[in-house]
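Asks: Next up is a structure, given as structure tokens.
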Amino acid sequence: MRKEHSRGLRRLLTLSAVLAALGPGAAISAPAHAAVGGSIVFIKAGNVWVAAADGSRQRRVTRNGRAGAYTSPTQADNGTIVALRGTTKIYRLNRKGGVLGRPLSAAVGLRNEGPLHEIASGPAVSPDGQKVAFYKSLLQGVYDVHTGVKGLNLLAVTTEYRNAVSGKKLGERHEPGSYLQSPSWIDNRRLLVFAPYNAFAPQVYVDTLGGGFRPWFADQLDGDSSFDRKLLDEGELTRAGDKLAAIRGTNVAGNWRGAAITLYSVSGLVTAPTAVCAVRATRGPLAKPTWSPDGSALAWSDRGGVWSSRVDLSRSGCGLAPRLVIRGGATPDWGPARA
């Protein structure tokens with residue numbers, strides 16, 4: 001007891017000395033990168049990895065990525081990981097890399113006979129781990145292994161919902177003339193769905209599984225004209241629903257310098273959110289903005305790796321101080337499970 005009392009007294013005296021040195025009324029603020037809970041799953045060299053939120057304790061989950069690369073990992077609250085492998089199969093994995101159940105056949109791929117082909121992209125598992133959303137691109141033409149999809153024409157993009165365990169189809173969304181993509185769960189029933197190329201219609205929608213599909217907003221930051229619009233894609237809401245992060249602008253290799261992750265203040269899913277600040281692309285295309293479980297920090301990736309920053313919309317520049325936390329990592333997804 002005496003030792004514990006002595007340690008506590010020394011800590012108290014040290015804190016008092018610091019406050020005295022700073023002067024009357026001074027306060028000690030938390031470090032800009034103070035610990036944030038949860039874990040981040042990400043892709044590195046074709047495999048799925050997991051790490052603590054600050055980038056420590058990095059651990060490889062899969063080891064067969066060279067034979068067929070994994071992409072777009074996403075995690076449920078219980079730690080189950082869902083990732084796409086190739087362009088046709090979606091895998092459920094435990095934290096040690098074990099495959100849970102049979103892989104989900106999401107698309108027919110590019111090598112099937114006939115002029116129509118189909119690839120899957122962007123899987124997102126619901127917080128309860130029971131459902132998975134993804135989008136499928138329907139392509140027409142003759143697939144050439146030398147040119148890849150460059151020799152194909154894009155006909156349609158559809159968002160589809162499946163039971164994550166059985167693979168049973170639960171529904172889909174297809175709007176003629178709109179490419180509905182990048183589904184992102186709001187809760188276990190509702191999702192954000194993006195139509196980035198819409199010029200005269202909303203670009204962000206709210207879809208309720210088994211229910212309605214309604215528009216939310218479109219980009220108008222540069223003016224009222226539809227010709228001033230920028231693309232909006234790959235967005236995610238905080239769990240509290242008070243902040244949105246979405247990639248704005250053309251965000252592809254060779255044309256990414258005007259892209260940014262725009263941070264919005266949200267006051268409901270009926271009125272358009274208010275843009276507050278942005279993270280500009282400086283090292284190639286941006287990917288997968290994802291919020292910490294408590295909504296206090298944001299992670300994303302570019303060619304350098306996975307970055308993270310605290311976010312405070314009330315501060316100048318949202319208090320952003322990006323820090324590279326996972327060198328070489330890509331497409332992060334932040335969840336509450338431990339690394």
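We name chains A, B, ... following the order of the structure tokens; residues begin at 1 in each chain, and ligands are numbered from 1 as shown.
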Taking 3 positions as the minimum chain separation for residues in the same chain, which residues sit within 10 Å of Leu100 (chain A) when counting only C-alpha atoms? Answer as a PyMOL selection string.

Replies: chain A and resi 80-82+91-94+97+103+165

Asks: Go ahead and dump the residues you just picked, C-alpha atoms, as a compact mmCIF listing (two decimals), in the first residue's frame.

Replies:
```
# COMPACT_ATOMS: atom_id res chain seq x y z
CA THR A 80 -15.58 -11.73 -39.09
CA ILE A 81 -13.79 -10.54 -42.24
CA VAL A 82 -15.36 -10.54 -45.69
CA TYR A 91 -14.87 -15.15 -48.76
CA ARG A 92 -15.79 -15.04 -45.07
CA LEU A 93 -12.74 -15.39 -42.85
CA ASN A 94 -12.01 -15.57 -39.15
CA GLY A 97 -7.52 -16.68 -41.91
CA PRO A 103 -17.19 -18.94 -50.76
CA VAL A 165 -23.77 -17.24 -44.46
```

Asks: Would you mind listing what lies within 10 Å of Ala156 (chain A) as a list in words, with only C-alpha atoms counted and same-chain residues fewer than 2 positions away left out?

Replies: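 Near neighbours after the sequence-gap exclusion: Glu118, Lys136, Ser137, Leu138, Leu139, Gln140, Asn153, Leu154, Thr158, His174, Glu175, Pro176, Gly177, Ser178, Tyr179 and Leu180 of chain A.
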
Asks: Quick one: residues within 10 Å of region 209-213 of chain A, only C-alpha atoms, excluding same-chain residues fewer than 2 positions away - as a list in words?

Replies: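 What passes the distance filter is Tyr161, Leu170, Gly171, Glu172, Arg173, Asn188, Arg189, Arg190, Leu191, Leu192, Val193, Tyr205, Val206, Asp207, Pro215 and Trp216 of chain A.
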
Asks: Using the chain letters and numbers from this document, which residues of region 16-215 of chain A does DSSP assign to strand (DSSP E or B), as number ranges by chain?

Replies: A: 39-44, 47-52, 59-60, 70-75, 81-85, 89-93, 99, 104-105, 109, 116-125, 131-140, 144, 148, 153-163, 169-173, 175, 178, 181-185, 190-194, 204-208, 213-215

Asks: Taking into account only C-alpha atoms, which residue in the set A:Pro127, A:Tyr264, A:Trp307, A:Ala218 is nearest to Arg283 (chain A)?

Replies: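 Distance minimum relative to Arg283 (chain A) lands on A:Trp307.
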
Asks: For a quick check of understanding, using only C-alpha atoms, which of A:Thr238, A:Thr62, A:Thr159, A:Asn78 has the smallest distance to Lys96 (chain A)?

Replies: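 Counting only C-alpha atoms, the residue closest to Lys96 (chain A) is A:Thr62.
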
Asks: Using Å and a single decimal, report how far CA of Arg239 (chain A) sits from CA of Ser265 (chain A).

Replies: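 According to the coordinates, CA of Ser265 (chain A) and CA of Arg239 (chain A) are separated by 13.2 Å.
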
Asks: At a cut-off of 7 Å, using only C-alpha atoms, what residues contact Phe217 (chain A)? Leave out same-chain residues fewer than 5 positions from it and give the result as a ChimeraX atom specification.

Replies: /A:202-204,272

Asks: Per residue of region 177-246 of chain A within 12 Å of region 308-331 of chain A, what are the shortest atom pair and its distance in Å to one decimal, counting only C-alpha atoms, with rows by chain and residue number, as a Markdown table?

Replies:
```
| residue | atom | partner | partner_atom | distance |
| --- | --- | --- | --- | --- |
| A:Glu234 | CA | A:Thr331 | CA | 10.6 |
| A:Thr238 | CA | A:Val311 | CA | 11.4 |
| A:Asp242 | CA | A:Leu313 | CA | 10.2 |
| A:Lys243 | CA | A:Leu313 | CA | 8.7 |
| A:Leu244 | CA | A:Leu313 | CA | 11.0 |
| A:Ala245 | CA | A:Val311 | CA | 10.7 |
```

Asks: Could you list, as a PyMOL selection string, every residue within 6 Å of region 335-337 of chain A, counting only C-alpha atoms and ignoring same-chain residues fewer than 6 positions away?

Replies: chain A and resi 38-39+77+79+293

Asks: May I have the selected residues written with N, CA and C atoms, as a CSV table (one decimal), in the first residue's frame?

Replies:
```csv
chain,number,residue,atom,x,y,z
A,38,GLY,N,-10.6,-0.2,-31.5
A,38,GLY,CA,-10.9,-1.0,-32.6
A,38,GLY,C,-9.7,-1.5,-33.4
A,39,SER,N,-9.9,-2.0,-34.6
A,39,SER,CA,-8.9,-2.5,-35.5
A,39,SER,C,-9.2,-2.1,-36.9
A,77,ASP,N,-18.8,-6.5,-36.7
A,77,ASP,CA,-18.5,-6.1,-35.3
A,77,ASP,C,-17.9,-7.3,-34.5
A,79,GLY,N,-15.8,-9.3,-35.6
A,79,GLY,CA,-14.4,-9.6,-36.1
A,79,GLY,C,-14.4,-10.4,-37.4
A,293,PRO,N,-14.9,3.4,-34.8
A,293,PRO,CA,-16.2,3.1,-34.2
A,293,PRO,C,-16.8,4.3,-33.4
```

Asks: If you count only C-alpha atoms, which residues fall within 7 Å of Pro73 (chain A), apart from same-chain ones fewer than 4 positions away, as a list in words?

Replies: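 The residues satisfying every condition are Val41, Phe42, Val48, Ile81, Val82, Ala83 and Asp333 of chain A.
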
Asks: Which residues in region 86-324 of chain A does DSSP call helix (DSSP H, G or I)? List them as a ChimeraX atom specification.

Replies: /A:149-151,226-228,316-319

Asks: Go ahead and write the selection's residues with C-alpha atoms as a PDB file, in the first residue's frame.

Replies:
```pdb
ATOM      1  CA  VAL A 149     -11.486  -5.067 -69.470  1.00  0.00           C
ATOM      2  CA  LYS A 150     -10.184  -2.338 -71.788  1.00  0.00           C
ATOM      3  CA  GLY A 151     -11.718  -4.210 -74.684  1.00  0.00           C
ATOM      4  CA  SER A 226     -25.250  20.037 -63.070  1.00  0.00           C
ATOM      5  CA  PHE A 227     -22.224  20.686 -65.279  1.00  0.00           C
ATOM      6  CA  ASP A 228     -20.330  21.871 -62.188  1.00  0.00           C
ATOM      7  CA  SER A 316     -10.214  24.977 -38.273  1.00  0.00           C
ATOM      8  CA  GLY A 317      -9.495  22.489 -41.034  1.00  0.00           C
ATOM      9  CA  CYS A 318     -11.361  19.906 -38.932  1.00  0.00           C
ATOM     10  CA  GLY A 319      -8.193  19.560 -36.881  1.00  0.00           C
TER      11      GLY A 319
END
```

Asks: Have a look at A:Lys44, A:Ala76, A:Ser166, A:Tyr143 and name the one nearest to Arg102 (chain A); count only C-alpha atoms.

Replies: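 For Arg102 (chain A), the nearest of the candidates is A:Ser166.
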
Asks: Which one is closest to Phe134 (chain A): A:Gly109, A:Gly114, A:Pro183, A:Gly46? Count only C-alpha atoms.

Replies: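 With only C-alpha atoms as the atom set, the closest residue is A:Pro183.
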
Asks: Can you tell me how far CA of Val145 (chain A) sits from CA of Val132 (chain A), in Å to one decimal?

Replies: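 Between CA of Val145 (chain A) and CA of Val132 (chain A) the gap is 29.6 Å.
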